[in-house]
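For reference, the structure is listed below as structure tokens.
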Amino acid sequence: MKEITSRFVRRIGSARRVGSPVLFLGRNASSIALIHDHLYERTPYVAGWKLQQQLLRERMNRIRAGIHFSDRILMFEHDATYTLGRGAKEEYLSFELSENDRSILCRKNGKRLSLQAAEQGFDDCFISAPNGVPILRVERGGEVTFHGPGQIVCYPLFDLTKDPFKKDLHWYLRAIEEVVIKVLARYNIEGTRDDINSGVFVGTNKICAIGLSSSRWMTTHGFALNINCDLKYFDTSIIMPCGLEGRGVTSVQRLLGKRIEMNQVADTILDCMEEVFQIDTEYK
């Protein structure tokens with residue numbers, strides 16, 4: 001397994017293996033988020049989703065028992081997958097669906113991904129797009145989007161009832177957008193919000209999709225930032241990305257004209273999350 005280089009190595013000027021202790025001054029244990037960095041390998045979407053749900057379940061059990069459970073930040077590069085949010089419209093899939101496909105993806109009576117389905121191989125809760133990429137419905141907010149190679153998909157698992165957070169999902173969404181805007185600014189890219197739609201845009205093109213979920217103010221899901229991804233996966237003959245007609249999709253690579261090191265961007269994301277949320281982070 002390839003070792004991940006922590007940004008703390010650069011800060012203190014001496015080598016440190018991943019997972020070794022880091023001293024934090026002026027914070028308590030509740031404001032330290034543990035990083036689960038999986039960017040050293042491609043991770044199937046369902047495996048990343050399953051880890052989120054397992055950590056959420058463990059956190060709920062610990063809370064009931066009065067035991068502290070640290071916030072987490074999960075970072076993945078997924079295999080190619082399309083997902084629909086819990087209320088996403090099937091009509092934003094641009095190809096013709098069979099009756100069986102509709103029954104699987106239907107908002108009201110379809111088959112949303114569950115832990116039981118994930119354990120059993122999830123064969124009965126997905127369909128395949130014309131390009132062979134699986135499509136699943138999950139419990140996050142938002143419309144249809146893509147997760148896949150060349151993207152950093154980040155899932156913050158935060159307890160919004162605790163300082164320094166707020167019990168306000170609108171505030172949390174805007175804070176996530178601010179993180180991404182600050183990350184892009186480090187690469188001299190001007191990211192902006194949209195008055196109506198969530199996510200981050202460069203001009204009229206979307207560069208980062210955001211889809212969130214919360215259970216008792218415990219967050220799951222997060223954002224997908226396009227770094228070096230193949231934009232053919234967003235072709236409007238397959239999906240209308242995030243349900244946005246008349247908008248395009250872009251990536252850091254397309255804007256800068258060169259490939260960007262994913263781990264470098266991951267470090268920048270963590271730096272900006274620390275700044276925006278006023279937390280510290282430590283590798284798990």
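Residue numbers start at 1 in each chain; chains themselves are named A, B, ... in the order of the structure tokens; ligands are numbered from 1 in the order shown.
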Can you list, as a tab-separated table (two decimals) with all heavy atoms, in the first residue's frame, every protein, DNA or RNA residue that comes within 12 Å of A:Tyr187 when you count only C-alpha atoms, leaving out same-chain residues fewer than 5 positions away?
```
chain	number	residue	atom	x	y	z
A	180	VAL	N	-14.47	24.58	-0.90
A	180	VAL	CA	-14.10	24.31	-2.29
A	180	VAL	C	-13.64	25.59	-2.99
A	180	VAL	O	-12.66	25.58	-3.76
A	180	VAL	CB	-15.28	23.66	-3.04
A	180	VAL	CG1	-14.94	23.47	-4.52
A	180	VAL	CG2	-15.64	22.32	-2.41
A	181	ILE	N	-14.32	26.70	-2.75
A	181	ILE	CA	-13.92	27.97	-3.35
A	181	ILE	C	-12.50	28.34	-2.93
A	181	ILE	O	-11.69	28.80	-3.75
A	181	ILE	CB	-14.93	29.07	-2.97
A	181	ILE	CG1	-16.26	28.84	-3.72
A	181	ILE	CG2	-14.38	30.46	-3.29
A	181	ILE	CD1	-17.41	29.69	-3.22
A	182	LYS	N	-12.17	28.13	-1.67
A	182	LYS	CA	-10.82	28.42	-1.19
A	182	LYS	C	-9.79	27.48	-1.80
A	182	LYS	O	-8.66	27.89	-2.10
A	182	LYS	CB	-10.78	28.34	0.34
A	182	LYS	CG	-11.45	29.53	1.04
A	182	LYS	CD	-11.36	29.39	2.54
A	182	LYS	CE	-11.95	30.61	3.25
A	182	LYS	NZ	-11.17	31.85	2.98
A	227	ILE	N	-11.05	16.91	-10.60
A	227	ILE	CA	-9.63	17.26	-10.74
A	227	ILE	C	-9.14	16.89	-12.13
A	227	ILE	O	-8.93	17.74	-12.98
A	227	ILE	CB	-8.77	16.56	-9.65
A	227	ILE	CG1	-9.37	16.76	-8.26
A	227	ILE	CG2	-7.33	17.09	-9.72
A	227	ILE	CD1	-9.47	18.19	-7.82
A	251	SER	N	-13.25	20.83	-15.08
A	251	SER	CA	-12.33	20.21	-14.12
A	251	SER	C	-11.12	21.12	-13.93
A	251	SER	O	-10.85	22.01	-14.75
A	251	SER	CB	-11.87	18.84	-14.61
A	251	SER	OG	-11.05	18.98	-15.77
A	252	VAL	N	-10.38	20.87	-12.87
A	252	VAL	CA	-9.14	21.61	-12.63
A	252	VAL	C	-8.17	21.38	-13.79
A	252	VAL	O	-7.53	22.32	-14.29
A	252	VAL	CB	-8.51	21.21	-11.29
A	252	VAL	CG1	-7.15	21.88	-11.11
A	252	VAL	CG2	-9.44	21.56	-10.12
A	253	GLN	N	-8.06	20.15	-14.25
A	253	GLN	CA	-7.16	19.84	-15.36
A	253	GLN	C	-7.53	20.63	-16.62
A	253	GLN	O	-6.65	21.20	-17.28
A	253	GLN	CB	-7.20	18.35	-15.66
A	253	GLN	CG	-6.29	17.95	-16.82
A	253	GLN	CD	-6.43	16.48	-17.21
A	253	GLN	OE1	-7.46	15.86	-16.93
A	253	GLN	NE2	-5.40	15.93	-17.82
A	255	LEU	N	-9.12	23.45	-16.84
A	255	LEU	CA	-8.91	24.89	-16.64
A	255	LEU	C	-7.43	25.26	-16.64
A	255	LEU	O	-7.05	26.34	-17.13
A	255	LEU	CB	-9.57	25.33	-15.34
A	255	LEU	CG	-11.10	25.27	-15.33
A	255	LEU	CD1	-11.62	25.42	-13.90
A	255	LEU	CD2	-11.69	26.36	-16.22
A	256	LEU	N	-6.58	24.38	-16.11
A	256	LEU	CA	-5.15	24.69	-16.02
A	256	LEU	C	-4.35	24.13	-17.18
A	256	LEU	O	-3.17	24.48	-17.37
A	256	LEU	CB	-4.58	24.15	-14.70
A	256	LEU	CG	-5.17	24.74	-13.42
A	256	LEU	CD1	-4.44	24.19	-12.20
A	256	LEU	CD2	-5.11	26.26	-13.42
A	257	GLY	N	-4.95	23.21	-17.95
A	257	GLY	CA	-4.25	22.64	-19.09
A	257	GLY	C	-3.21	21.60	-18.72
A	257	GLY	O	-2.31	21.31	-19.52
A	258	LYS	N	-3.30	21.06	-17.52
A	258	LYS	CA	-2.34	20.03	-17.10
A	258	LYS	C	-2.95	19.19	-15.99
A	258	LYS	O	-3.87	19.63	-15.30
A	258	LYS	CB	-1.04	20.67	-16.60
A	258	LYS	CG	-1.22	21.57	-15.39
A	258	LYS	CD	0.10	22.19	-14.95
A	258	LYS	CE	-0.10	23.08	-13.72
A	258	LYS	NZ	1.18	23.70	-13.28
A	260	ILE	N	-3.12	17.42	-12.36
A	260	ILE	CA	-2.76	17.88	-11.03
A	260	ILE	C	-2.64	16.68	-10.11
A	260	ILE	O	-3.46	15.74	-10.18
A	260	ILE	CB	-3.83	18.85	-10.48
A	260	ILE	CG1	-4.01	20.04	-11.42
A	260	ILE	CG2	-3.47	19.33	-9.08
A	260	ILE	CD1	-2.78	20.89	-11.61
A	264	GLN	N	-1.90	16.26	-3.61
A	264	GLN	CA	-1.65	17.68	-3.38
A	264	GLN	C	-2.97	18.42	-3.16
A	264	GLN	O	-3.09	19.25	-2.25
A	264	GLN	CB	-0.90	18.28	-4.57
A	264	GLN	CG	-0.60	19.76	-4.48
A	264	GLN	CD	-0.07	20.30	-5.78
A	264	GLN	OE1	-0.83	20.59	-6.71
A	264	GLN	NE2	1.24	20.44	-5.87
A	265	VAL	N	-3.96	18.12	-3.99
A	265	VAL	CA	-5.27	18.75	-3.84
A	265	VAL	C	-5.92	18.30	-2.53
A	265	VAL	O	-6.55	19.10	-1.84
A	265	VAL	CB	-6.19	18.44	-5.04
A	265	VAL	CG1	-7.54	19.14	-4.87
A	265	VAL	CG2	-5.54	18.87	-6.35
A	268	THR	N	-4.66	20.32	0.23
A	268	THR	CA	-5.25	21.66	0.19
A	268	THR	C	-6.68	21.64	0.72
A	268	THR	O	-7.09	22.56	1.44
A	268	THR	CB	-5.22	22.20	-1.26
A	268	THR	OG1	-3.89	22.14	-1.77
A	268	THR	CG2	-5.71	23.64	-1.32
A	269	ILE	N	-7.43	20.62	0.37
A	269	ILE	CA	-8.80	20.48	0.90
A	269	ILE	C	-8.78	20.44	2.42
A	269	ILE	O	-9.55	21.13	3.09
A	269	ILE	CB	-9.47	19.22	0.33
A	269	ILE	CG1	-9.81	19.41	-1.15
A	269	ILE	CG2	-10.74	18.87	1.13
A	269	ILE	CD1	-10.28	18.13	-1.84
```
Give the strand (DSSP E) residues of stretch 75-148 of chain A, as assigned by DSSP on the backbone, as a PyMOL selection string.
chain A and resi 75-78+81-84+126-128+134-137+145-147
Between atom CA of A:Ala117 and atom CA of A:Asp235, what distance in Å does the model show, to one decimal?
28.7 Å
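You can rank A:Arg59, A:Arg259, A:Arg247, A:His78 by their closest distance to A:Thr204 using only C-alpha atoms, and at the top of that list sits A:Arg247.
Counting only C-alpha atoms and comparing A:Phe201, A:Tyr45, A:Phe69, A:Phe223, the residue that lies closest to A:Asp159 is A:Phe69.
Near A:Ile135, within 8 Å and counting only C-alpha atoms, sit A:Thr81, A:Tyr82, A:Thr83, A:Leu84, A:Phe126, A:Ile127, A:Ser128, A:Ala129; same-chain residues fewer than 5 positions away were not included.
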Name the closest residue to A:Lys232 among the candidates A:Thr250, A:Ser103, A:Asn109, A:Asn205; distances are taken between atoms, counting only C-alpha atoms.
A:Thr250
Among stretch 61-209 of chain A, which ones does DSSP place in helix (DSSP H, G or I), written as a VMD selection string?
chain A and resid 61 to 64 90 to 92 99 to 105 115 to 119 169 to 185
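Taking atom CA of A:Arg57 and atom CA of A:Gly222 as endpoints, the distance between them is 17.5 Å.
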Quick one: everything within 7 Å of stretch 120-125 of chain A, counting only C-alpha atoms, minus sequence neighbours fewer than 6 positions away in the same chain. Send it as a tab-separated table (two decimals) with N, CA and C atoms, in the first residue's frame.
```
chain	number	residue	atom	x	y	z
A	104	ILE	N	-36.71	0.04	-10.29
A	104	ILE	CA	-35.55	0.01	-9.39
A	104	ILE	C	-35.21	1.41	-8.91
A	111	LYS	N	-35.64	1.02	-5.14
A	111	LYS	CA	-34.72	0.30	-4.26
A	111	LYS	C	-33.49	1.15	-3.98
A	112	ARG	N	-33.56	1.89	-2.89
A	112	ARG	CA	-32.43	2.71	-2.48
A	112	ARG	C	-31.36	1.81	-1.86
A	113	LEU	N	-30.09	2.19	-2.07
A	113	LEU	CA	-28.99	1.43	-1.50
A	113	LEU	C	-29.12	1.35	0.02
A	136	LEU	N	-27.19	4.13	-9.08
A	136	LEU	CA	-27.81	3.77	-7.80
A	136	LEU	C	-28.58	4.97	-7.26
```
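Non-sequential neighbours of A:Glu90 (distance at most 12 Å, separation of 6 or more positions within a chain, only C-alpha atoms) are Thr83, Leu84, Glu96, Leu97, Ser98, Asp101, Arg102, Ser103, Ile104, Leu105, Cys106, Arg107, Lys108, Gly110, Ile135, Leu136, Arg137, Glu143, Val144, Thr145, Ile238, Ile239, Met240, Pro241, Cys242 and Gly243 of chain A.
Between atom CA of A:Ala80 and atom CA of A:Pro149 the interatomic distance comes to 6.4 Å.
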